[in-house]
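Asker: Dropping in my_file-v5.cif, with mmCIF, C-alpha atoms.
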data_model
#
loop_
_atom_site.group_PDB
_atom_site.id
_atom_site.type_symbol
_atom_site.label_atom_id
_atom_site.label_comp_id
_atom_site.auth_asym_id
_atom_site.auth_seq_id
_atom_site.Cartn_x
_atom_site.Cartn_y
_atom_site.Cartn_z
ATOM 1 C CA MET A 1 109.647 135.903 28.156
ATOM 2 C CA THR A 2 113.172 135.701 26.794
ATOM 3 C CA ASP A 3 116.199 136.554 28.899
ATOM 4 C CA LEU A 4 116.986 139.656 26.869
ATOM 5 C CA ALA A 5 113.404 140.887 27.131
ATOM 6 C CA LEU A 6 113.487 140.375 30.898
ATOM 7 C CA VAL A 7 116.711 142.356 31.295
ATOM 8 C CA SER A 8 115.308 145.101 29.084
ATOM 9 C CA ARG A 9 112.131 145.276 31.170
ATOM 10 C CA LEU A 10 114.178 145.418 34.366
ATOM 11 C CA ALA A 11 116.140 148.343 32.930
ATOM 12 C CA GLN A 12 112.895 150.107 32.002
ATOM 13 C CA ALA A 13 111.552 149.518 35.498
ATOM 14 C CA GLY A 14 114.702 150.986 37.008
ATOM 15 C CA ASN A 15 114.362 154.081 34.848
ATOM 16 C CA ALA A 16 110.698 154.464 35.771
ATOM 17 C CA TYR A 17 111.513 154.144 39.468
ATOM 18 C CA ARG A 18 114.291 156.731 39.179
ATOM 19 C CA ASP A 19 111.988 159.142 37.338
ATOM 20 C CA ALA A 20 109.183 158.656 39.883
ATOM 21 C CA ALA A 21 111.567 159.253 42.780
ATOM 22 C CA GLY A 22 112.736 162.480 41.178
ATOM 23 C CA ALA A 23 116.355 161.420 41.227
ATOM 24 C CA THR A 24 118.686 163.225 38.911
ATOM 25 C CA PRO A 25 120.269 160.992 36.293
ATOM 26 C CA PRO A 26 124.028 160.457 36.398
ATOM 27 C CA SER A 27 126.281 162.626 34.275
ATOM 28 C CA ALA A 28 126.583 161.874 30.590
ATOM 29 C CA SER A 29 130.204 160.831 30.998
ATOM 30 C CA GLY A 30 129.404 157.941 33.345
ATOM 31 C CA GLY A 31 126.056 156.883 31.962
ATOM 32 C CA ASP A 32 123.399 155.118 33.938
ATOM 33 C CA PHE A 33 122.789 151.447 34.577
ATOM 34 C CA SER A 34 119.998 151.120 32.017
ATOM 35 C CA SER A 35 122.173 152.523 29.219
ATOM 36 C CA LEU A 36 124.912 150.100 30.242
ATOM 37 C CA LEU A 37 122.444 147.222 30.028
ATOM 38 C CA ASN A 38 121.138 148.456 26.690
ATOM 39 C CA ARG A 39 124.666 148.592 25.267
ATOM 40 C CA ALA A 40 125.408 145.096 26.576
ATOM 41 C CA ILE A 41 122.209 143.676 25.124
ATOM 42 C CA THR A 42 122.746 145.442 21.808
ATOM 43 C CA GLY A 43 126.308 144.130 21.682
ATOM 44 C CA ALA A 44 125.125 140.575 22.333
ATOM 45 C CA ILE A 45 122.474 140.839 19.631
ATOM 46 C CA ASP A 46 124.980 142.296 17.154
ATOM 47 C CA ALA A 47 127.480 139.519 17.905
ATOM 48 C CA GLY A 48 124.777 136.914 17.277
ATOM 49 C CA GLN A 49 123.799 138.529 13.998
ATOM 50 C CA GLN A 50 127.425 138.692 12.864
ATOM 51 C CA ALA A 51 127.839 135.001 13.723
ATOM 52 C CA ASP A 52 124.736 134.181 11.678
ATOM 53 C CA THR A 53 126.037 136.212 8.744
ATOM 54 C CA LYS A 54 129.463 134.552 8.856
ATOM 55 C CA ALA A 55 127.898 131.090 9.101
ATOM 56 C CA THR A 56 125.607 131.828 6.156
ATOM 57 C CA ASP A 57 128.575 133.052 4.125
ATOM 58 C CA ALA A 58 130.508 129.886 4.951
ATOM 59 C CA ILE A 59 127.585 127.667 3.983
ATOM 60 C CA SER A 60 127.265 129.440 0.656
ATOM 61 C CA GLY A 61 131.007 128.942 0.042
ATOM 62 C CA HIS A 62 132.080 132.567 0.428
ATOM 63 C CA GLY A 63 133.273 132.553 4.031
ATOM 64 C CA ASP A 64 136.308 131.497 5.986
ATOM 65 C CA LEU A 65 135.915 128.816 8.638
ATOM 66 C CA THR A 66 138.232 130.685 11.025
ATOM 67 C CA GLN A 67 136.037 133.785 10.824
ATOM 68 C CA VAL A 68 132.936 131.686 11.481
ATOM 69 C CA VAL A 69 134.438 130.052 14.571
ATOM 70 C CA THR A 70 135.643 133.422 15.861
ATOM 71 C CA ALA A 71 132.238 135.072 15.329
ATOM 72 C CA VAL A 72 130.381 132.196 16.977
ATOM 73 C CA SER A 73 132.783 132.253 19.932
ATOM 74 C CA ARG A 74 132.242 135.999 20.377
ATOM 75 C CA ALA A 75 128.481 135.534 20.216
ATOM 76 C CA GLU A 76 128.632 132.743 22.784
ATOM 77 C CA LEU A 77 130.768 134.856 25.125
ATOM 78 C CA ALA A 78 128.410 137.833 24.765
ATOM 79 C CA LEU A 79 125.415 135.627 25.533
ATOM 80 C CA GLN A 80 127.122 134.133 28.588
ATOM 81 C CA ALA A 81 127.946 137.615 29.877
ATOM 82 C CA THR A 82 124.360 138.762 29.319
ATOM 83 C CA VAL A 83 122.980 135.748 31.173
ATOM 84 C CA ALA A 84 125.427 136.324 34.042
ATOM 85 C CA ILE A 85 124.316 139.959 34.316
ATOM 86 C CA ARG A 86 120.677 138.889 34.248
ATOM 87 C CA ASP A 87 121.292 136.333 36.992
ATOM 88 C CA ARG A 88 123.022 138.931 39.179
ATOM 89 C CA VAL A 89 120.230 141.468 38.655
ATOM 90 C CA LEU A 90 117.575 138.909 39.528
ATOM 91 C CA GLN A 91 119.504 137.775 42.605
ATOM 92 C CA ALA A 92 119.867 141.388 43.754
ATOM 93 C CA TYR A 93 116.140 141.942 43.216
ATOM 94 C CA GLN A 94 115.302 138.828 45.231
ATOM 95 C CA ASP A 95 117.657 139.933 48.028
ATOM 96 C CA ILE A 96 115.971 143.340 48.153
ATOM 97 C CA ILE A 97 112.504 141.758 48.259
ATOM 98 C CA LYS A 98 113.578 139.579 51.222
ATOM 99 C CA MET A 99 114.766 142.566 53.267
ATOM 100 C CA PRO A 100 112.618 143.376 56.280
ATOM 101 C CA ILE A 101 110.945 146.769 56.286
#
I'd like the structure from this file rewritten - as structure tokens, please.
Answerer:
Amino acid sequence: MTDLALVSRLAQAGNAYRDAAGATPPSASGGDFSSLLNRAITGAIDAGQQADTKATDAISGHGDLTQVVTAVSRAELALQATVAIRDRVLQAYQDIIKMPI
């Protein structure tokens, strides 16, 4: 399972748990954690696609090298942030599992 798929499944599990517990969702202004994760994942995917597009344009002779480097750097930063969030979520999950009942 890819990292993005794992984070997405964790967000779905959190939503299912909230719904089963009967908790009321946060207000629309603040958003909930799963929508935050979805936006972060979507942003990372979009940054990767833009980097691919810029690189393809540069290879075909229609792009600017500066734009390619910038797009690839943004995609790398978005991926690093997504992996850091995933690592924190997994660590929090493991800490919760280790708690005595």
Asker: Might I get the box with edges along x, y and z of the file that holds all atoms of segment 38-55 of chain A listed there, padded by 3 Å on every side, given as centre and edge lengths in Å to one decimal, as lines of an AutoDock Vina configuration file?
Answerer:
center_x = 125.3
center_y = 139.8
center_z = 17.7
size_x = 14.3
size_y = 23.5
size_z = 23.9
Asker: List as a PyMOL selection string the protein and nucleic acid residues near Thr53 of chain A, meaning an atom at most 10 Å away when all atoms listed in the file are counted, but skip any in the same chain fewer than 4 places from it.
Answerer: chain A and resi 47-49+57-59+63+68+71
Asker: Dump C-alpha atoms for the selected residues as a PDB file, keeping the file's coordinate frame?
Answerer:
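Generated output (again-v7.pdb):
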ATOM      1  CA  ALA A  47     127.480 139.519  17.905  1.00  0.00           C
ATOM      2  CA  GLY A  48     124.777 136.914  17.277  1.00  0.00           C
ATOM      3  CA  GLN A  49     123.799 138.529  13.998  1.00  0.00           C
ATOM      4  CA  ASP A  57     128.575 133.052   4.125  1.00  0.00           C
ATOM      5  CA  ALA A  58     130.508 129.886   4.951  1.00  0.00           C
ATOM      6  CA  ILE A  59     127.585 127.667   3.983  1.00  0.00           C
ATOM      7  CA  GLY A  63     133.273 132.553   4.031  1.00  0.00           C
ATOM      8  CA  VAL A  68     132.936 131.686  11.481  1.00  0.00           C
ATOM      9  CA  ALA A  71     132.238 135.072  15.329  1.00  0.00           C
TER      10      ALA A  71
END
Asker: Rank nothing, just name the residue among A:Val72, A:Gln94, A:Arg88, A:Asp32 nearest to Thr56 of chain A, using all atoms listed in the file.
Answerer: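 The answer is A:Val72, which sits nearest to Thr56 of chain A.
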Asker: Out of A:Gln50, A:Thr70, A:Thr42, A:Ser34, which residue has the shortest atom-to-atom distance to Val89 of chain A when counting all atoms listed in the file?
Answerer: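 Nearest candidate to Val89 of chain A out of A:Gln50, A:Thr70, A:Thr42, A:Ser34: A:Ser34.
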Asker: Which residue out of A:Gln91, A:Ser60, A:Ile96, A:Gly43 has the minimum interatomic distance to Arg74 of chain A when only C-alpha atoms are used?
Answerer: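 Counting only C-alpha atoms, the residue closest to Arg74 of chain A is A:Gly43.
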Asker: When the PyMOL selection byres ((chain A and resi 37) around 9) is applied to the file above, which residues end up in the set, as a PDB file with C-alpha atoms, keeping the file's coordinate frame?
Answerer:
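Okay, result_37.pdb is ready:
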ATOM      1  CA  VAL A   7     116.711 142.356  31.295  1.00  0.00           C
ATOM      2  CA  SER A   8     115.308 145.101  29.084  1.00  0.00           C
ATOM      3  CA  ALA A  11     116.140 148.343  32.930  1.00  0.00           C
ATOM      4  CA  ASP A  32     123.399 155.118  33.938  1.00  0.00           C
ATOM      5  CA  PHE A  33     122.789 151.447  34.577  1.00  0.00           C
ATOM      6  CA  SER A  34     119.998 151.120  32.017  1.00  0.00           C
ATOM      7  CA  SER A  35     122.173 152.523  29.219  1.00  0.00           C
ATOM      8  CA  LEU A  36     124.912 150.100  30.242  1.00  0.00           C
ATOM      9  CA  ASN A  38     121.138 148.456  26.690  1.00  0.00           C
ATOM     10  CA  ARG A  39     124.666 148.592  25.267  1.00  0.00           C
ATOM     11  CA  ALA A  40     125.408 145.096  26.576  1.00  0.00           C
ATOM     12  CA  ILE A  41     122.209 143.676  25.124  1.00  0.00           C
ATOM     13  CA  THR A  42     122.746 145.442  21.808  1.00  0.00           C
ATOM     14  CA  THR A  82     124.360 138.762  29.319  1.00  0.00           C
ATOM     15  CA  ILE A  85     124.316 139.959  34.316  1.00  0.00           C
TER      16      ILE A  85
END
Asker: From the list A:Asp95, A:Asp52, A:Asp46, A:Asp87, which residue is nearest Val69 of chain A when using all atoms listed in the file?
Answerer: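 Of A:Asp95, A:Asp52, A:Asp46, A:Asp87, the one nearest Val69 of chain A, counting all atoms listed in the file, is A:Asp52.
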Asker: Rank A:Ala44, A:Leu65, A:Ile101, A:Ala55 by their smallest atom-to-atom distance to Val83 of chain A, using all atoms listed in the file, and report the top residue only.
Answerer: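 For Val83 of chain A, the nearest of the candidates is A:Ala44.
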Asker: Quick one: distance from atom CA of Ala75 of chain A to atom CA of Ile45 of chain A in Å, one decimal?
Answerer: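 That distance, rounded to one decimal, is 8.0 Å.
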